[in-house]
Structure formats: C-alpha cells, structure tokens
Amino acid sequence: MNYELHSDDLIRAKATLGDFELTVLSDGVYYLDGGAMFGVVPKPLWEKRLPADAQNRVTLGLNTVVVRTGKHTVVIETGIGNKLSDKLRGIYDAKEQLPRAFAVAGIRPKEVDVVINSHLHFDHCGWNTTRTPEGQIIPTFPNARYFAHRGEVDHGHLQLERDAVSYISANYDPLIESGQMMLLDTRPGQVEEIVPGISVECFPGHTAQLLAVHLESDGRHGCYISDLIPTSAHLDITWVMGYDLYPLTCIEERKRFYARAVPEHWLVLFTHDHQMPMGYIRWNNKGKPEIEPSHP
Ligand SMILES: [Zn+2]
C-alpha cells in the first residue's frame with residue numbers, strides 16, 4: 001500500500017503517487033447534522049457507519065491535500081479558516097488549525113504556488129485568506145495562483161435563499177480583485193490541466209460545477225473527489241447528502257466516477273473523512289462499493 005493513515009490531529013495521512021508526494025493536513029474536525037449529511041437514508045442505517053452524538057451531529061474532517069510534484073507545491077482545499085462570525089464558529093466548533101498543520105508538516109505557505117478550490121462553500125476555501133488580528137483580509141498563500149470555477153463565484157454572488165450561508169465572499173472576492181484567483185470555465189466532459197499531472201474535471205451534483213482534482217504521475221492516478229463522495233461512509237451510489245443541490249445528478253456522477261476509479265485503481269481522497277482521508281475502492285460481493293482493506 002502506498003499510503004499511510006496517521007493518528008496525529010494535524011497531519012492525517014501521507015502517500016506517494018508516482019513521483020508525487022501527498023500530505024493530508026487537517027483544519028480540525030467540525031460537526032454537522034447527521035440527517036443533513038445522509039439525506040433520505042434512515043438513521044438506523046447511517047449511524048452504523050458514522051455515529052451521531054446526543055444532538056444528532058456527526059464528526060467530520062476538513063482535509064487539505066498538499067501535493068509536491070517535484071516542480072510545484074499544490075494545495076487542494078483550505079478548510080474553514082478564521083473568518084466565521086462568533087455565532088457560526090460556535091456552531092461548528094471551528095478549530096482554525098490549518099496554519100499550525102502546515103508548520104508541523106514543514107510546508108511554508110510561501111512555497112505554495114497553486115491553490116485549487118473544488119467549490120466555494122465556506123468549509124472548502126476558508127483559509128484562502130486570513131483575517132489578521134487587526135482585521136485585515138490577506139492571502140494565506142501569498143505566492144500562489146488560486147483556481148476556482150467561475151460558476152461557483154457567480155452562484156455565491158447570487159446569495160440565494162437555499163445556500164447563501166454557504167458562501168463567504170471574503171474567501172474569494174479579494175483574490176479575484178487582486179488578480180490572484182483564476183476563474184475556470186471548465187465544461188462537462190472537459191479535463192483542464194492546472195500544472196503537469198494535476199487537472200480538474202466537473203463532477204456536478206453537490207453544486208452545479210463541483211470540480212474533482214485528478215493527480216497523475218508515472219502511471220498512477222489519484223482523485224480528490226470532494227463533496228461528490230464526502231466520506232467513506234457515503235460510498236453507496238444513492239447515499240447522497242441533504243445538502244446536495246442536484247441529488248439525482250450526484251447518483252449518475254458517482255456511477256461515472258466508479259466506472260473509472262475502481263478498474264483503474266485510483267487512490268481516492270475524501271474531503272470530510274477525518275478517520276479515512278484516502279483509500280482504494282472495490283466492488284464487494286453484493287455489488288456495492290467498499291474501501292479495500294489496507295495490507296501493508
Ligand atoms: Zn463540504
């Protein structure tokens with residue numbers, strides 16, 4: 001197995017993928033309603049996989065993947081950040097620990113040259129920018145080019161009743177205004193290269209333009225599938241989230257994903273799984289997707 005899971009709270013896993021080195025850093029666990037995380041799936045089924053607390057909340061991770069390609073240092077996703085209101089910080093019990101995780105891993109924010117956001121919900125792009133003690137908003141990765149889908153920015157700006165709370169413009173507007181964030185127009189079916197070996201592809205359903213990030217080196221393939229499959233408890237094709245804007249699309253896109261990820265043995269990286277930030281997926285004898293047990 002070319003990956004190892006860690007019990008450390010800041011550095012959750014490491015892997016090699018061809019010539020790429022992958023490090024999974026955590027912005028800390030946070031808590032969401034278990035019902036919202038599992039949509040129409042009855043609680044007696046989902047709580048066997050992800051137990052709920054007395055308030056029906058489940059514990060989720062905030063996984064940032066740092067990829068060192070040899071030429072580039074690429075960051076995928078940036079957690080919740082430190083710009084939430086006091087009320088929201090309390091609700092999610094936001095840990096604000098990603099900068100510490102970078103320090104412990106020995107990765108300096110200055111050396112990051114690319115940041116990719118799969119979408120712009122606040123729990124995926126929070127440390128794009130940092131609020132200083134003086135209240136200034138500054139880029140966390142001063143030398144990076146940031147990438148996000150233009151459709152996500154436009155959707156966030158609409159501030160719709162359904163999901164306005166998910167979009168905090170201080171996570172992206174200052175970067176767009178300064179020219180540091182590039183907006184992608186990636187279309188369905190198109191794979192867009194960011195740097196050699198790292199590309200994005202739309203897997204819509206959670207949002208209309210959710211981007212997965214492909215990592216390819218020396219014949220190996222990894223994929224950060226983001227909120228199309230947020231944790232390893234969500235592998236079943238129909239176990240989509242209440243948060244998903246287009247649940248039927250999620251189901252179709254999961255089929256499309258597994259049709260390649262299983263036979264091609266992709267290392268799948270999960271955005272919100274604190275315990276299992278990555279794994280390989282296989283079909284079990286009932287025809288359902290499951291994580292391959294690790295064998296060192
Ligand atoms: Zn999410």
# chains A, B, ... in the order shown; residues from 1 in each chain; ligands from 1
>>> residues_near_ligand(ligand="ligand 1", cutoff="12 Å", atoms="only C-alpha atoms and all ligand atoms", output="ChimeraX atom specification")
/A:30-32,36-37,60-64,77-80,117-126,166-167,206-207,210,225-231,241-244,270-273
>>> write_last_selection(atoms="C-alpha atoms", output="short mmCIF file (atom, residue, chain, number, x, y, z; two decimals), in the first residue's frame")
data_model
loop_
_atom_site.label_atom_id
_atom_site.label_comp_id
_atom_site.auth_asym_id
_atom_site.auth_seq_id
_atom_site.Cartn_x
_atom_site.Cartn_y
_atom_site.Cartn_z
CA TYR A 30 -16.35 20.02 12.82
CA TYR A 31 -19.91 18.92 13.34
CA LEU A 32 -22.92 18.73 11.05
CA ALA A 36 -28.44 16.53 6.58
CA MET A 37 -25.29 14.55 5.81
CA LEU A 60 -16.39 15.40 10.05
CA GLY A 61 -12.91 16.28 8.91
CA LEU A 62 -11.60 19.16 6.84
CA ASN A 63 -8.94 17.64 4.65
CA THR A 64 -6.45 19.76 2.76
CA GLU A 77 -8.92 22.89 -0.46
CA THR A 78 -8.31 25.19 2.51
CA GLY A 79 -10.72 24.25 5.33
CA ILE A 80 -12.97 26.62 7.30
CA ASN A 117 -10.85 25.00 -4.61
CA SER A 118 -13.27 22.22 -5.62
CA HIS A 119 -16.11 24.65 -4.93
CA LEU A 120 -16.56 27.73 -2.78
CA HIS A 121 -18.61 26.57 0.22
CA PHE A 122 -17.07 28.13 3.34
CA ASP A 123 -15.73 24.79 4.59
CA HIS A 124 -13.60 24.32 1.46
CA CYS A 125 -11.95 27.71 0.88
CA GLY A 126 -11.79 29.30 4.34
CA SER A 166 -22.51 28.61 2.47
CA TYR A 167 -20.76 31.41 0.56
CA HIS A 206 -23.41 18.78 -4.91
CA THR A 207 -23.17 22.08 -6.75
CA LEU A 210 -18.15 20.87 -8.44
CA ILE A 225 -13.49 13.75 -5.36
CA SER A 226 -14.63 16.42 -2.89
CA ASP A 227 -18.32 16.54 -1.94
CA LEU A 228 -19.47 14.12 -4.63
CA ILE A 229 -18.43 11.43 -2.08
CA PRO A 230 -17.61 13.38 1.12
CA THR A 231 -16.59 10.44 3.34
CA MET A 241 -26.39 14.34 1.10
CA GLY A 242 -29.35 16.55 2.00
CA TYR A 243 -27.02 19.43 1.14
CA ASP A 244 -26.68 18.33 -2.49
CA PHE A 270 -12.08 12.19 0.77
CA THR A 271 -12.71 15.78 1.74
CA HIS A 272 -14.62 15.30 5.02
CA ASP A 273 -13.48 11.90 6.30
#
>>> select_by_dssp(residues="range 4-137 of chain A", states="helix (DSSP H, G or I)", output="PDB file with N, CA and C atoms, in the first residue's frame")
ATOM      1  N   GLY A  34     -26.462  14.877  11.322  1.00  0.00           N
ATOM      2  CA  GLY A  34     -26.328  13.591  10.640  1.00  0.00           C
ATOM      3  C   GLY A  34     -27.390  13.403   9.576  1.00  0.00           C
ATOM      4  N   GLY A  35     -28.595  13.858   9.834  1.00  0.00           N
ATOM      5  CA  GLY A  35     -29.668  13.745   8.841  1.00  0.00           C
ATOM      6  C   GLY A  35     -29.329  14.518   7.575  1.00  0.00           C
ATOM      7  N   ALA A  36     -28.801  15.728   7.752  1.00  0.00           N
ATOM      8  CA  ALA A  36     -28.441  16.534   6.577  1.00  0.00           C
ATOM      9  C   ALA A  36     -27.315  15.877   5.789  1.00  0.00           C
ATOM     10  N   MET A  37     -26.418  15.183   6.495  1.00  0.00           N
ATOM     11  CA  MET A  37     -25.292  14.547   5.808  1.00  0.00           C
ATOM     12  C   MET A  37     -25.715  13.319   4.997  1.00  0.00           C
ATOM     13  N   PHE A  38     -26.854  12.717   5.369  1.00  0.00           N
ATOM     14  CA  PHE A  38     -27.248  11.468   4.699  1.00  0.00           C
ATOM     15  C   PHE A  38     -28.601  11.550   4.007  1.00  0.00           C
ATOM     16  N   LYS A  43     -31.760   6.866   9.644  1.00  0.00           N
ATOM     17  CA  LYS A  43     -30.692   6.926  10.643  1.00  0.00           C
ATOM     18  C   LYS A  43     -30.177   5.563  11.103  1.00  0.00           C
ATOM     19  N   PRO A  44     -31.084   4.572  11.317  1.00  0.00           N
ATOM     20  CA  PRO A  44     -30.546   3.261  11.766  1.00  0.00           C
ATOM     21  C   PRO A  44     -29.506   2.686  10.806  1.00  0.00           C
ATOM     22  N   LEU A  45     -29.586   3.070   9.529  1.00  0.00           N
ATOM     23  CA  LEU A  45     -28.578   2.583   8.578  1.00  0.00           C
ATOM     24  C   LEU A  45     -27.298   3.413   8.656  1.00  0.00           C
ATOM     25  N   TRP A  46     -27.439   4.777   8.580  1.00  0.00           N
ATOM     26  CA  TRP A  46     -26.196   5.556   8.502  1.00  0.00           C
ATOM     27  C   TRP A  46     -25.429   5.593   9.805  1.00  0.00           C
ATOM     28  N   ASP A  86     -18.757  34.905  15.250  1.00  0.00           N
ATOM     29  CA  ASP A  86     -18.668  34.183  16.531  1.00  0.00           C
ATOM     30  C   ASP A  86     -19.746  33.115  16.629  1.00  0.00           C
ATOM     31  N   LYS A  87     -20.941  33.454  16.127  1.00  0.00           N
ATOM     32  CA  LYS A  87     -22.051  32.502  16.224  1.00  0.00           C
ATOM     33  C   LYS A  87     -21.742  31.222  15.425  1.00  0.00           C
ATOM     34  N   LEU A  88     -21.317  31.392  14.177  1.00  0.00           N
ATOM     35  CA  LEU A  88     -21.043  30.213  13.344  1.00  0.00           C
ATOM     36  C   LEU A  88     -19.834  29.436  13.856  1.00  0.00           C
ATOM     37  N   ARG A  89     -18.836  30.154  14.355  1.00  0.00           N
ATOM     38  CA  ARG A  89     -17.658  29.473  14.900  1.00  0.00           C
ATOM     39  C   ARG A  89     -18.085  28.561  16.050  1.00  0.00           C
ATOM     40  N   GLY A  90     -19.032  29.045  16.851  1.00  0.00           N
ATOM     41  CA  GLY A  90     -19.548  28.250  17.962  1.00  0.00           C
ATOM     42  C   GLY A  90     -20.324  27.035  17.470  1.00  0.00           C
ATOM     43  N   ILE A  91     -21.167  27.220  16.458  1.00  0.00           N
ATOM     44  CA  ILE A  91     -21.990  26.115  15.949  1.00  0.00           C
ATOM     45  C   ILE A  91     -21.107  24.983  15.431  1.00  0.00           C
ATOM     46  N   TYR A  92     -20.084  25.342  14.659  1.00  0.00           N
ATOM     47  CA  TYR A  92     -19.245  24.297  14.056  1.00  0.00           C
ATOM     48  C   TYR A  92     -18.068  23.908  14.944  1.00  0.00           C
ATOM     49  N   LEU A  98      -5.400  24.929  10.545  1.00  0.00           N
ATOM     50  CA  LEU A  98      -4.635  24.589   9.326  1.00  0.00           C
ATOM     51  C   LEU A  98      -3.244  25.230   9.279  1.00  0.00           C
ATOM     52  N   PRO A  99      -3.088  26.512   9.676  1.00  0.00           N
ATOM     53  CA  PRO A  99      -1.729  27.081   9.648  1.00  0.00           C
ATOM     54  C   PRO A  99      -0.760  26.300  10.530  1.00  0.00           C
ATOM     55  N   ARG A 100      -1.248  25.817  11.668  1.00  0.00           N
ATOM     56  CA  ARG A 100      -0.402  25.013  12.553  1.00  0.00           C
ATOM     57  C   ARG A 100      -0.043  23.690  11.880  1.00  0.00           C
ATOM     58  N   ALA A 101      -1.000  23.116  11.166  1.00  0.00           N
ATOM     59  CA  ALA A 101      -0.736  21.858  10.461  1.00  0.00           C
ATOM     60  C   ALA A 101       0.359  22.055   9.401  1.00  0.00           C
ATOM     61  N   PHE A 102       0.291  23.166   8.666  1.00  0.00           N
ATOM     62  CA  PHE A 102       1.355  23.454   7.693  1.00  0.00           C
ATOM     63  C   PHE A 102       2.709  23.562   8.394  1.00  0.00           C
ATOM     64  N   ALA A 103       2.746  24.262   9.536  1.00  0.00           N
ATOM     65  CA  ALA A 103       4.007  24.463  10.250  1.00  0.00           C
ATOM     66  C   ALA A 103       4.579  23.130  10.711  1.00  0.00           C
ATOM     67  N   VAL A 104       3.716  22.281  11.284  1.00  0.00           N
ATOM     68  CA  VAL A 104       4.182  20.986  11.798  1.00  0.00           C
ATOM     69  C   VAL A 104       4.673  20.106  10.646  1.00  0.00           C
ATOM     70  N   ALA A 105       4.010  20.211   9.492  1.00  0.00           N
ATOM     71  CA  ALA A 105       4.416  19.407   8.331  1.00  0.00           C
ATOM     72  C   ALA A 105       5.655  19.985   7.643  1.00  0.00           C
ATOM     73  N   PRO A 109       3.708  28.340   3.784  1.00  0.00           N
ATOM     74  CA  PRO A 109       2.689  28.901   2.874  1.00  0.00           C
ATOM     75  C   PRO A 109       3.301  29.644   1.683  1.00  0.00           C
ATOM     76  N   LYS A 110       4.486  30.238   1.896  1.00  0.00           N
ATOM     77  CA  LYS A 110       5.137  30.989   0.814  1.00  0.00           C
ATOM     78  C   LYS A 110       5.555  30.107  -0.352  1.00  0.00           C
ATOM     79  N   GLU A 111       5.818  28.829  -0.072  1.00  0.00           N
ATOM     80  CA  GLU A 111       6.302  27.970  -1.160  1.00  0.00           C
ATOM     81  C   GLU A 111       5.159  27.347  -1.977  1.00  0.00           C
ATOM     82  N   PHE A 122     -18.018  27.561   2.362  1.00  0.00           N
ATOM     83  CA  PHE A 122     -17.074  28.133   3.336  1.00  0.00           C
ATOM     84  C   PHE A 122     -16.144  27.090   3.957  1.00  0.00           C
ATOM     85  N   ASP A 123     -16.558  25.817   3.965  1.00  0.00           N
ATOM     86  CA  ASP A 123     -15.726  24.788   4.591  1.00  0.00           C
ATOM     87  C   ASP A 123     -14.719  24.181   3.610  1.00  0.00           C
ATOM     88  N   HIS A 124     -14.568  24.808   2.451  1.00  0.00           N
ATOM     89  CA  HIS A 124     -13.602  24.322   1.459  1.00  0.00           C
ATOM     90  C   HIS A 124     -12.578  25.372   1.056  1.00  0.00           C
ATOM     91  N   CYS A 125     -12.855  26.635   1.359  1.00  0.00           N
ATOM     92  CA  CYS A 125     -11.951  27.706   0.880  1.00  0.00           C
ATOM     93  C   CYS A 125     -11.662  28.734   1.973  1.00  0.00           C
ATOM     94  N   GLY A 126     -11.864  28.338   3.245  1.00  0.00           N
ATOM     95  CA  GLY A 126     -11.791  29.299   4.336  1.00  0.00           C
ATOM     96  C   GLY A 126     -10.427  29.923   4.563  1.00  0.00           C
ATOM     97  N   TRP A 127      -9.368  29.109   4.372  1.00  0.00           N
ATOM     98  CA  TRP A 127      -8.017  29.659   4.556  1.00  0.00           C
ATOM     99  C   TRP A 127      -7.426  30.150   3.241  1.00  0.00           C
ATOM    100  N   ASN A 128      -8.257  30.333   2.205  1.00  0.00           N
ATOM    101  CA  ASN A 128      -7.730  31.054   1.037  1.00  0.00           C
ATOM    102  C   ASN A 128      -7.161  32.383   1.491  1.00  0.00           C
TER     103      ASN A 128
END
>>> closest_residue(among="A:Val112, A:Ala208, A:Met278, A:Leu245", to="Thr140 in chain A", atoms="only C-alpha atoms")
A:Val112
>>> select_by_dssp(residues="range 35-177 of chain A", states="strand (DSSP E)", output="count of residues only")
28
>>> closest_atom_pairs(of="range 121-189 of chain A", to="range 193-204 of chain A", cutoff="9 Å", atoms="only C-alpha atoms", output="tab-separated table")
residue	atom	partner	partner_atom	distance
A:Phe147	CA	A:Ile194	CA	8.4
A:Thr186	CA	A:Cys202	CA	7.0
A:Arg187	CA	A:Cys202	CA	6.9
A:Pro188	CA	A:Cys202	CA	5.7
A:Gly189	CA	A:Glu201	CA	7.2
>>> closest_residue(among="A:Leu184, A:Gly219, A:His214, A:Tyr146", to="Val75 in chain A", atoms="only C-alpha atoms")
A:Tyr146
>>> decode(residues="range 133-149 of chain A", atoms="all heavy atoms", output="compact mmCIF listing (two decimals), in the first residue's frame")
# COMPACT_ATOMS: atom_id res chain seq x y z
N PRO A 133 -5.02 39.89 13.12
CA PRO A 133 -5.54 40.43 14.39
C PRO A 133 -6.09 41.86 14.22
O PRO A 133 -6.97 42.27 14.96
CB PRO A 133 -4.33 40.41 15.32
CG PRO A 133 -3.44 39.35 14.75
CD PRO A 133 -3.65 39.37 13.27
N GLU A 134 -5.57 42.60 13.24
CA GLU A 134 -6.05 43.97 13.01
C GLU A 134 -7.32 44.00 12.16
O GLU A 134 -7.86 45.07 11.90
CB GLU A 134 -4.98 44.81 12.31
CG GLU A 134 -3.68 45.00 13.10
CD GLU A 134 -2.79 43.76 13.09
OE1 GLU A 134 -2.72 43.08 12.05
OE2 GLU A 134 -2.19 43.45 14.14
N GLY A 135 -7.76 42.82 11.70
CA GLY A 135 -9.00 42.77 10.93
C GLY A 135 -8.81 42.87 9.43
O GLY A 135 -9.77 42.93 8.67
N GLN A 136 -7.55 42.87 8.98
CA GLN A 136 -7.29 42.89 7.54
C GLN A 136 -7.50 41.50 6.95
O GLN A 136 -7.22 40.50 7.63
CB GLN A 136 -5.82 43.24 7.31
CG GLN A 136 -5.55 44.67 6.95
CD GLN A 136 -4.06 44.80 6.61
OE1 GLN A 136 -3.21 44.36 7.39
NE2 GLN A 136 -3.78 45.35 5.45
N ILE A 137 -7.90 41.43 5.69
CA ILE A 137 -8.01 40.15 4.99
C ILE A 137 -6.84 40.05 4.02
O ILE A 137 -6.70 40.87 3.11
CB ILE A 137 -9.34 40.06 4.19
CG1 ILE A 137 -10.54 40.37 5.08
CG2 ILE A 137 -9.46 38.71 3.49
CD1 ILE A 137 -10.89 39.30 6.07
N ILE A 138 -5.97 39.05 4.23
CA ILE A 138 -4.78 38.91 3.37
C ILE A 138 -4.73 37.49 2.80
O ILE A 138 -5.29 36.55 3.39
CB ILE A 138 -3.48 39.20 4.15
CG1 ILE A 138 -3.34 38.23 5.35
CG2 ILE A 138 -3.44 40.65 4.64
CD1 ILE A 138 -1.96 38.24 5.98
N PRO A 139 -4.09 37.30 1.64
CA PRO A 139 -3.96 35.93 1.10
C PRO A 139 -3.11 35.08 2.03
O PRO A 139 -2.05 35.53 2.47
CB PRO A 139 -3.25 36.13 -0.24
CG PRO A 139 -3.18 37.60 -0.49
CD PRO A 139 -3.40 38.31 0.81
N THR A 140 -3.56 33.87 2.32
CA THR A 140 -2.77 32.96 3.17
C THR A 140 -1.54 32.46 2.42
O THR A 140 -0.52 32.19 3.04
CB THR A 140 -3.65 31.77 3.60
OG1 THR A 140 -4.85 32.28 4.17
CG2 THR A 140 -2.94 30.87 4.60
N PHE A 141 -1.68 32.32 1.11
CA PHE A 141 -0.59 31.79 0.28
C PHE A 141 -0.18 32.90 -0.69
O PHE A 141 -0.70 32.99 -1.81
CB PHE A 141 -1.06 30.53 -0.45
CG PHE A 141 -1.59 29.48 0.49
CD1 PHE A 141 -2.96 29.34 0.71
CD2 PHE A 141 -0.73 28.67 1.21
CE1 PHE A 141 -3.45 28.39 1.60
CE2 PHE A 141 -1.20 27.71 2.10
CZ PHE A 141 -2.57 27.58 2.31
N PRO A 142 0.75 33.75 -0.26
CA PRO A 142 0.99 35.00 -0.99
C PRO A 142 1.52 34.79 -2.41
O PRO A 142 1.31 35.65 -3.27
CB PRO A 142 2.03 35.73 -0.12
CG PRO A 142 2.64 34.68 0.76
CD PRO A 142 1.59 33.64 0.95
N ASN A 143 2.22 33.67 -2.63
CA ASN A 143 2.83 33.46 -3.95
C ASN A 143 2.05 32.51 -4.84
O ASN A 143 2.54 32.08 -5.89
CB ASN A 143 4.26 32.95 -3.78
CG ASN A 143 5.09 33.93 -2.98
OD1 ASN A 143 5.01 35.14 -3.20
ND2 ASN A 143 5.87 33.42 -2.03
N ALA A 144 0.84 32.14 -4.41
CA ALA A 144 0.08 31.13 -5.16
C ALA A 144 -0.85 31.78 -6.17
O ALA A 144 -1.37 32.87 -5.96
CB ALA A 144 -0.73 30.27 -4.19
N ARG A 145 -1.08 31.03 -7.25
CA ARG A 145 -2.23 31.31 -8.10
C ARG A 145 -3.36 30.42 -7.59
O ARG A 145 -3.15 29.21 -7.36
CB ARG A 145 -1.93 30.95 -9.56
CG ARG A 145 -1.01 31.92 -10.26
CD ARG A 145 -0.74 31.46 -11.70
NE ARG A 145 -0.17 30.12 -11.71
CZ ARG A 145 -0.34 29.23 -12.69
NH1 ARG A 145 -1.07 29.53 -13.73
NH2 ARG A 145 0.23 28.04 -12.62
N TYR A 146 -4.52 31.00 -7.38
CA TYR A 146 -5.68 30.25 -6.90
C TYR A 146 -6.59 29.93 -8.10
O TYR A 146 -6.71 30.75 -9.01
CB TYR A 146 -6.49 31.09 -5.91
CG TYR A 146 -5.85 31.36 -4.57
CD1 TYR A 146 -4.77 32.23 -4.44
CD2 TYR A 146 -6.37 30.79 -3.40
CE1 TYR A 146 -4.22 32.52 -3.20
CE2 TYR A 146 -5.83 31.06 -2.15
CZ TYR A 146 -4.75 31.93 -2.05
OH TYR A 146 -4.21 32.20 -0.81
N PHE A 147 -7.24 28.75 -8.03
CA PHE A 147 -8.16 28.35 -9.10
C PHE A 147 -9.51 27.93 -8.53
O PHE A 147 -9.57 27.15 -7.57
CB PHE A 147 -7.58 27.17 -9.89
CG PHE A 147 -6.35 27.51 -10.68
CD1 PHE A 147 -5.09 27.45 -10.09
CD2 PHE A 147 -6.44 27.92 -12.01
CE1 PHE A 147 -3.95 27.79 -10.80
CE2 PHE A 147 -5.30 28.26 -12.73
CZ PHE A 147 -4.05 28.19 -12.13
N ALA A 148 -10.57 28.46 -9.13
CA ALA A 148 -11.93 28.03 -8.78
C ALA A 148 -12.78 28.15 -10.04
O ALA A 148 -12.40 28.83 -11.00
CB ALA A 148 -12.50 28.90 -7.67
N HIS A 149 -13.93 27.49 -10.02
CA HIS A 149 -14.81 27.57 -11.20
C HIS A 149 -15.60 28.87 -11.17
O HIS A 149 -16.13 29.26 -10.14
CB HIS A 149 -15.77 26.37 -11.23
CG HIS A 149 -16.33 26.12 -12.60
ND1 HIS A 149 -17.25 26.96 -13.18
CD2 HIS A 149 -16.08 25.15 -13.51
CE1 HIS A 149 -17.55 26.50 -14.39
NE2 HIS A 149 -16.85 25.41 -14.62
